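Structure below is entry.txt: compact mmCIF, C-alpha atoms.
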# COMPACT_ATOMS: atom_id res chain seq x y z
CA MET A 21 13.43 8.75 -20.48
CA PRO A 22 12.86 4.98 -20.63
CA THR A 23 10.28 3.20 -18.52
CA ARG A 24 13.05 1.22 -16.84
CA ALA A 25 13.87 4.40 -14.90
CA ILE A 26 10.85 3.76 -12.65
CA PRO A 27 12.56 1.32 -10.23
CA LEU A 28 15.56 3.65 -9.89
CA PHE A 29 13.29 6.64 -9.27
CA LEU A 30 11.43 4.77 -6.53
CA ALA A 31 14.63 3.40 -4.99
CA MET A 32 16.22 6.86 -4.72
CA THR A 33 13.02 8.46 -3.44
CA PHE A 34 12.42 5.91 -0.68
CA LEU A 35 16.10 5.64 0.25
CA ILE A 36 16.43 9.36 0.89
CA THR A 37 13.13 9.82 2.74
CA TRP A 38 13.06 6.61 4.73
CA GLY A 39 16.77 6.98 5.49
CA VAL A 40 16.40 10.46 6.97
CA ILE A 41 13.11 9.86 8.79
CA GLY A 42 14.11 6.34 9.81
CA PHE A 43 17.21 7.70 11.54
CA TYR A 44 15.02 9.96 13.70
CA VAL A 45 12.51 7.18 14.36
CA LEU A 46 15.02 4.45 15.27
CA GLY A 47 17.66 6.61 16.93
CA PRO A 48 15.93 9.80 18.04
CA GLU A 49 18.44 10.74 20.74
CA LEU A 50 21.46 10.26 18.50
CA ALA A 51 19.80 12.02 15.56
CA SER A 52 18.77 14.96 17.75
CA ARG A 53 22.25 15.21 19.22
CA TRP A 54 23.87 15.25 15.78
CA PHE A 55 21.40 17.34 13.80
CA GLY A 56 18.98 18.87 16.31
CA PRO A 57 15.32 17.99 16.98
CA ILE A 58 13.27 17.29 13.87
CA SER A 59 10.38 19.55 12.94
CA GLY A 60 8.46 20.59 9.87
CA SER A 61 10.95 23.41 9.24
CA HIS A 62 14.13 21.36 9.83
CA PRO A 63 16.49 21.19 6.79
CA LEU A 64 16.50 17.39 6.94
CA PHE A 65 12.70 17.37 6.86
CA PHE A 66 12.91 19.43 3.68
CA LEU A 67 15.46 16.96 2.29
CA ALA A 68 13.16 14.03 3.05
CA THR A 69 10.22 15.85 1.46
CA TRP A 70 12.20 16.81 -1.62
CA ALA A 71 13.32 13.22 -2.29
CA PRO A 72 10.95 12.66 -5.28
CA ALA A 73 12.15 15.90 -6.86
CA ILE A 74 15.81 15.07 -6.21
CA ALA A 75 15.37 11.65 -7.79
CA ALA A 76 13.54 13.18 -10.76
CA ILE A 77 16.19 15.82 -11.41
CA LEU A 78 19.05 13.32 -11.16
CA LEU A 79 17.32 10.97 -13.60
CA VAL A 80 16.58 13.75 -16.08
CA LEU A 81 20.19 14.94 -15.91
CA SER A 82 21.53 11.42 -16.40
CA HIS A 83 19.34 10.79 -19.47
CA ALA A 84 19.25 14.21 -21.12
CA GLY A 85 21.81 16.49 -19.48
CA THR A 86 21.28 20.12 -18.57
CA ALA A 87 19.44 20.86 -21.83
CA GLY A 88 16.97 18.09 -21.01
CA LEU A 89 16.57 19.44 -17.49
CA GLY A 90 15.67 22.83 -18.95
CA ARG A 91 13.02 21.23 -21.16
CA PHE A 92 11.70 19.24 -18.20
CA LEU A 93 11.45 22.35 -16.02
CA SER A 94 9.73 24.22 -18.86
CA ARG A 95 6.64 22.22 -17.87
CA LEU A 96 6.45 24.60 -14.90
CA LEU A 97 5.50 27.33 -17.38
CA LEU A 98 2.43 25.54 -18.70
CA TRP A 99 -0.21 27.72 -17.09
CA ARG A 100 -3.17 27.04 -19.38
CA ALA A 101 -5.79 24.66 -18.01
CA PRO A 102 -9.53 24.13 -18.55
CA SER A 103 -11.47 26.83 -16.72
CA GLY A 104 -13.40 24.28 -14.66
CA TRP A 105 -10.19 22.84 -13.27
CA ALA A 106 -8.81 26.30 -12.52
CA VAL A 107 -11.96 27.17 -10.54
CA PHE A 108 -11.81 23.87 -8.65
CA VAL A 109 -8.17 24.33 -7.61
CA VAL A 110 -8.52 28.00 -6.69
CA ILE A 111 -11.99 27.96 -5.09
CA GLY A 112 -13.23 24.37 -4.85
CA VAL A 113 -10.39 22.97 -2.74
CA PRO A 114 -10.73 25.63 0.00
CA LEU A 115 -14.50 25.05 0.03
CA VAL A 116 -13.90 21.33 0.60
CA PHE A 117 -11.86 22.06 3.71
CA MET A 118 -14.34 24.63 4.97
CA ALA A 119 -17.29 22.28 4.46
CA GLY A 120 -15.48 19.36 6.09
CA SER A 121 -14.55 21.47 9.10
CA VAL A 122 -18.09 22.79 9.52
CA ILE A 123 -19.51 19.25 9.31
CA LYS A 124 -17.25 18.14 12.18
CA GLY A 125 -18.22 21.21 14.21
CA GLY A 126 -15.11 23.27 13.54
CA PRO A 127 -14.52 26.77 12.13
CA ALA A 128 -14.76 27.68 8.46
CA LEU A 129 -11.19 29.02 8.56
CA ALA A 130 -8.24 28.03 10.69
CA PRO A 131 -8.02 30.32 13.75
CA LEU A 132 -5.29 32.94 13.63
CA PRO A 133 -2.52 32.81 16.24
CA PRO A 134 -2.25 35.62 18.81
CA GLU A 135 0.41 37.26 16.63
CA GLY A 136 -2.07 37.67 13.78
CA ALA A 137 -1.97 36.54 10.17
CA GLY A 138 1.73 37.25 9.67
CA PRO A 139 3.04 33.92 10.98
CA MET A 140 0.45 31.99 8.96
CA VAL A 141 1.44 33.84 5.79
CA ALA A 142 5.06 32.91 6.52
CA VAL A 143 4.08 29.25 6.95
CA MET A 144 2.01 29.39 3.77
CA LEU A 145 5.03 30.65 1.82
CA MET A 146 7.25 28.02 3.40
CA MET A 147 4.76 25.34 2.34
CA LEU A 148 5.18 26.49 -1.25
CA PHE A 149 8.73 25.13 -1.10
CA LEU A 150 7.81 21.93 0.74
CA GLY A 151 5.08 19.56 -0.48
CA PRO A 152 4.57 21.07 -3.98
CA ILE A 153 8.21 20.33 -4.87
CA GLU A 154 7.35 16.61 -4.65
CA GLU A 155 5.31 16.99 -7.84
CA LEU A 156 8.50 17.20 -9.91
CA GLY A 157 8.82 13.49 -9.15
CA TRP A 158 5.29 12.11 -8.79
CA ARG A 159 3.61 13.95 -11.64
CA GLY A 160 6.75 15.03 -13.46
CA VAL A 161 8.40 11.63 -13.91
CA LEU A 162 6.40 8.74 -12.48
CA GLN A 163 2.97 9.57 -13.92
CA PRO A 164 4.06 9.97 -17.58
CA LEU A 165 6.13 6.79 -17.42
CA LEU A 166 3.26 4.76 -15.95
CA GLN A 167 0.76 6.18 -18.42
CA ARG A 168 2.76 4.61 -21.24
CA HIS A 169 1.52 1.23 -20.02
CA MET A 170 -1.77 1.75 -18.19
CA ALA A 171 -4.86 3.93 -18.24
CA PRO A 172 -4.58 7.22 -16.30
CA VAL A 173 -7.02 6.15 -13.57
CA TRP A 174 -4.86 3.12 -12.70
CA ALA A 175 -1.63 5.11 -12.95
CA GLY A 176 -3.08 7.69 -10.55
CA ALA A 177 -4.29 5.05 -8.10
CA LEU A 178 -0.91 3.29 -8.13
CA ILE A 179 0.96 6.54 -7.56
CA GLY A 180 -1.44 7.36 -4.72
CA ALA A 181 -0.70 4.05 -3.01
CA ILE A 182 3.07 4.57 -3.44
CA TRP A 183 2.72 8.16 -2.26
CA GLY A 184 0.84 7.07 0.86
CA LEU A 185 3.35 4.33 1.67
CA TRP A 186 6.22 6.78 1.18
CA HIS A 187 4.77 8.92 4.01
CA LEU A 188 4.51 6.01 6.45
CA PRO A 189 7.69 6.62 8.56
CA ALA A 190 6.57 10.18 9.30
CA PHE A 191 3.63 8.78 11.29
CA TYR A 192 6.12 7.43 13.83
CA LEU A 193 7.93 10.75 14.02
CA ALA A 194 7.25 13.05 16.98
CA GLY A 195 7.43 16.76 16.33
CA THR A 196 5.61 16.77 12.98
CA VAL A 197 1.94 17.05 12.06
CA PHE A 198 1.87 13.42 10.89
CA GLY A 199 2.45 12.19 14.44
CA ALA A 200 -1.10 13.19 15.41
CA TRP A 201 -2.85 11.67 12.37
CA ASN A 202 -4.30 8.25 11.61
CA PHE A 203 -2.51 6.56 8.71
CA LEU A 204 -5.41 4.70 7.04
CA PRO A 205 -7.58 7.76 6.21
CA PHE A 206 -4.41 9.56 5.10
CA PHE A 207 -3.46 6.63 2.83
CA ILE A 208 -6.95 6.57 1.28
CA GLY A 209 -6.74 10.32 0.87
CA ASN A 210 -3.45 10.01 -1.02
CA VAL A 211 -5.01 7.57 -3.48
CA VAL A 212 -8.03 9.86 -3.91
CA LEU A 213 -5.86 12.93 -4.47
CA ALA A 214 -3.55 11.18 -6.94
CA VAL A 215 -6.53 10.02 -8.99
CA LEU A 216 -8.13 13.46 -8.77
CA VAL A 217 -5.05 15.33 -10.01
CA THR A 218 -4.53 12.91 -12.92
CA PRO A 219 -7.01 14.48 -15.38
CA LEU A 220 -5.73 17.92 -14.39
CA LEU A 221 -2.19 16.89 -15.36
CA ASN A 222 -3.35 15.44 -18.66
CA ARG A 223 -5.81 18.20 -19.60
CA ALA A 224 -3.13 20.83 -18.87
CA GLY A 225 -0.73 19.16 -21.30
CA GLY A 226 1.66 17.80 -18.68
CA SER A 227 1.83 21.02 -16.68
CA LEU A 228 3.74 20.80 -13.42
CA LEU A 229 2.48 24.21 -12.32
CA TRP A 230 -1.13 23.12 -11.74
CA PRO A 231 -0.39 19.92 -9.76
CA MET A 232 2.00 21.97 -7.60
CA PHE A 233 -0.64 24.63 -7.01
CA PHE A 234 -3.18 21.91 -6.20
CA HIS A 235 -0.74 20.38 -3.67
CA TRP A 236 -0.11 23.80 -2.15
CA GLN A 237 -3.83 24.32 -1.63
CA LEU A 238 -4.03 21.00 0.23
CA ILE A 239 -1.49 22.16 2.83
CA ASN A 240 -2.46 25.83 3.02
CA PRO A 241 -2.47 26.71 6.76
CA PHE A 242 -5.43 29.05 6.34
CA TRP A 243 -7.73 26.11 5.55
CA PRO A 244 -9.05 24.38 8.69
CA ASP A 245 -8.39 20.81 9.79
CA ALA A 246 -11.26 18.89 8.21
CA GLN A 247 -10.11 15.29 8.66
CA PRO A 248 -11.62 12.87 7.87
CA TRP A 249 -14.43 14.74 6.14
CA ASP A 250 -12.17 16.40 3.59
CA THR A 251 -11.08 12.92 2.45
CA TRP A 252 -14.67 11.71 2.04
CA ILE A 253 -15.77 14.86 0.21
CA LEU A 254 -12.78 14.67 -2.13
CA ALA A 255 -13.52 10.97 -2.70
CA GLY A 256 -17.00 11.95 -3.86
CA VAL A 257 -15.52 14.62 -6.11
CA ALA A 258 -13.05 12.08 -7.52
CA ILE A 259 -15.88 9.68 -8.40
CA VAL A 260 -17.66 12.47 -10.29
CA VAL A 261 -14.44 13.48 -12.04
CA ILE A 262 -13.71 9.88 -13.09
CA TRP A 263 -17.22 9.47 -14.48
CA TRP A 264 -17.15 12.85 -16.23
CA ASN A 265 -13.75 12.05 -17.83
CA ARG A 266 -14.34 8.33 -18.27
CA ASP A 267 -13.44 8.40 -21.98
CA ARG A 268 -9.94 9.59 -21.08
CA MET A 269 -9.46 8.08 -17.62
CA PHE A 270 -9.91 4.46 -18.73
CA THR A 271 -7.97 4.71 -21.98
CA ARG A 272 -4.54 6.12 -22.73
CA GLU A 273 -5.92 8.52 -25.33
CA GLY A 274 -4.72 12.01 -24.49
CA ALA A 275 -2.52 10.80 -21.61
CA VAL A 276 0.77 12.60 -21.09
CA THR A 277 3.65 10.16 -21.61
CA GLU A 278 6.60 12.53 -22.14
CA VAL A 279 8.80 13.34 -19.16
CA ILE A 280 11.03 15.67 -21.18
CA PRO A 281 9.34 17.71 -23.93
CA LEU A 282 11.09 17.68 -27.32
CA ARG A 283 11.71 21.40 -26.92
CA PRO A 284 10.97 23.97 -24.20
CA HIS A 285 7.29 24.84 -23.96
CA ALA A 286 6.41 22.29 -26.66
CA ALA A 287 3.49 21.03 -24.61
CA LEU A 288 2.00 24.53 -24.63
CA GLN A 289 0.61 23.74 -28.06
CA LYS A 290 -1.59 21.04 -26.52
CA THR A 291 -3.42 23.50 -24.28
CA ARG A 292 -4.16 26.18 -26.87
For the file at hand, write its structure as structure tokens.
Amino acid sequence: MPTRAIPLFLAMTFLITWGVIGFYVLGPELASRWFGPISGSHPLFFLATWAPAIAAILLVLSHAGTAGLGRFLSRLLLWRAPSGWAVFVVIGVPLVFMAGSVIKGGPALAPLPPEGAGPMVAVMLMMLFLGPIEELGWRGVLQPLLQRHMAPVWAGALIGAIWGLWHLPAFYLAGTVFGAWNFLPFFIGNVVLAVLVTPLLNRAGGSLLWPMFFHWQLINPFWPDAQPWDTWILAGVAIVVIWWNRDRMFTREGAVTEVIPLRPHAALQKTR
């Protein structure tokens, strides 16, 4: 996929998301009358969230057809990653939320609803098909294309800024979690998270599985609300990660630049 696909990817992504959310922001009564009130489980909210993935899939199909799409999606099967990263995603991320919540005087875990853990498990499973799907676009297409021309740390920071801006209309949308948040800490958090996931993507050979799992951990309903402390803790972690991986973060050596592997599972060889 050529680098010139970047503007088209961004145009499609923003057009879908800002079009859907903008309709509810600018014409809430008409939008609600036509499609029903918006919420985090509304089909149009899923459509808006899936915009990066939709743009990515359409671009892959246009450049490489169904065979290319199969090779692109084979990156979901790249499960090998450095053990330190695996521990951080599985254990470290929850600990960040727990620590942040405790610092602000909250609980270590999100309180269960009166119905018990069942509804939270259902939400957790729903979240698996919401935010993580974005990674097909951000880390699947945009990151490799940008890393052809800039060091990973700058590619991650740029994606984080774009990612944060892409969320902006949701902060004017009643009925979703974004409506109760402050945009600036969230924007900074997006930049931090995009930089933090960059070495994970590269060290895992372009895996889409690990960035998606990382994203899922960030929105897991069992972890407590730790804003803004989770952002500051993760910023500190990101600084350590950048320093620890400085030989790779500030040069393009070892950076993933292929959107579509030459053959299915080809990138597996990089992680063995």
(request) Measuring atom to atom with all atoms listed in the file, identify which of A:Ile123, A:Met232, A:Leu188, A:Val279 is nearest to Leu79 of chain A. (result) A:Val279
(request) Enter the distance from atom CA of Asn210 of chain A to atom CA of Ser103 of chain A, in Å, rounded to one decimal. (result) 24.4 Å
(request) In Å, rounded to a single decimal, give me how far atom CA of Asn202 of chain A is from atom CA of Leu67 of chain A. (result) 23.5 Å
(request) Do a neighbour search on Arg223 of chain A at 8 Å with only C-alpha atoms, toss out local chain neighbours closer than 4 positions, and write the hits as a PyMOL selection string. (result) chain A and resi 101-102+219+274+291
(request) Find the residues near segment 81-87 of chain A: any atom within 12 Å, counting all atoms listed in the file, skip ones fewer than 2 places away on the same chain, and give them as a list of chain:residue names. (result)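 My list of contacting residues is A:Met21, A:Pro22, A:Thr23, A:Arg24, A:Ala25, A:Leu28, A:Phe29, A:Ile74, A:Ala75, A:Ala76, A:Ile77, A:Leu78, A:Leu79, A:Leu89, A:Gly90, A:Arg91, A:Phe92, A:Leu93, A:Ser94, A:Val279, A:Ile280, A:Pro281, A:Leu282, A:Arg283, A:Pro284.
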How close does each residue of segment 97-160 of chain A get to segment 166-176 of chain A, giving the shortest atom pair and distance in Å to one decimal for every residue with an atom at most 12 Å away, counting only C-alpha atoms, sorted by chain and residue number, as a Markdown table?
| residue | atom | partner | partner_atom | distance |
| --- | --- | --- | --- | --- |
| A:Trp158 | CA | A:Gly176 | CA | 9.6 |
| A:Arg159 | CA | A:Gly176 | CA | 9.2 |
| A:Gly160 | CA | A:Leu166 | CA | 11.1 |
Keeping only C-alpha atoms, take the residues you just selected and write them out as a PDB file, in the coordinates of the input.
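File produced: result-v7.pdb:
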ATOM      1  CA  TRP A 158       5.290  12.110  -8.790  1.00  0.00           C
ATOM      2  CA  ARG A 159       3.610  13.950 -11.640  1.00  0.00           C
ATOM      3  CA  GLY A 160       6.750  15.030 -13.460  1.00  0.00           C
TER       4      GLY A 160
END
(request) With a distance cut-off of 9 Å and only C-alpha atoms, select the neighbouring residues of Asp245 of chain A, excluding the residue or stretch itself and same-chain residues fewer than 6 positions from it, and output the selection as a PyMOL selection string. (result) chain A and resi 117-118+120-121+126-127+129-130
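Among the candidate residues A:Glu278, A:Glu154, A:Asp250, A:Asp267, the one lying nearest to Ala73 of chain A is A:Glu154, with distances computed using only C-alpha atoms.
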(message) For a quick check of understanding, using only C-alpha atoms, which of A:Gly184, A:Pro114, A:Pro164, A:Gly60 has the smallest distance to Pro244 of chain A?
(response) A:Pro114
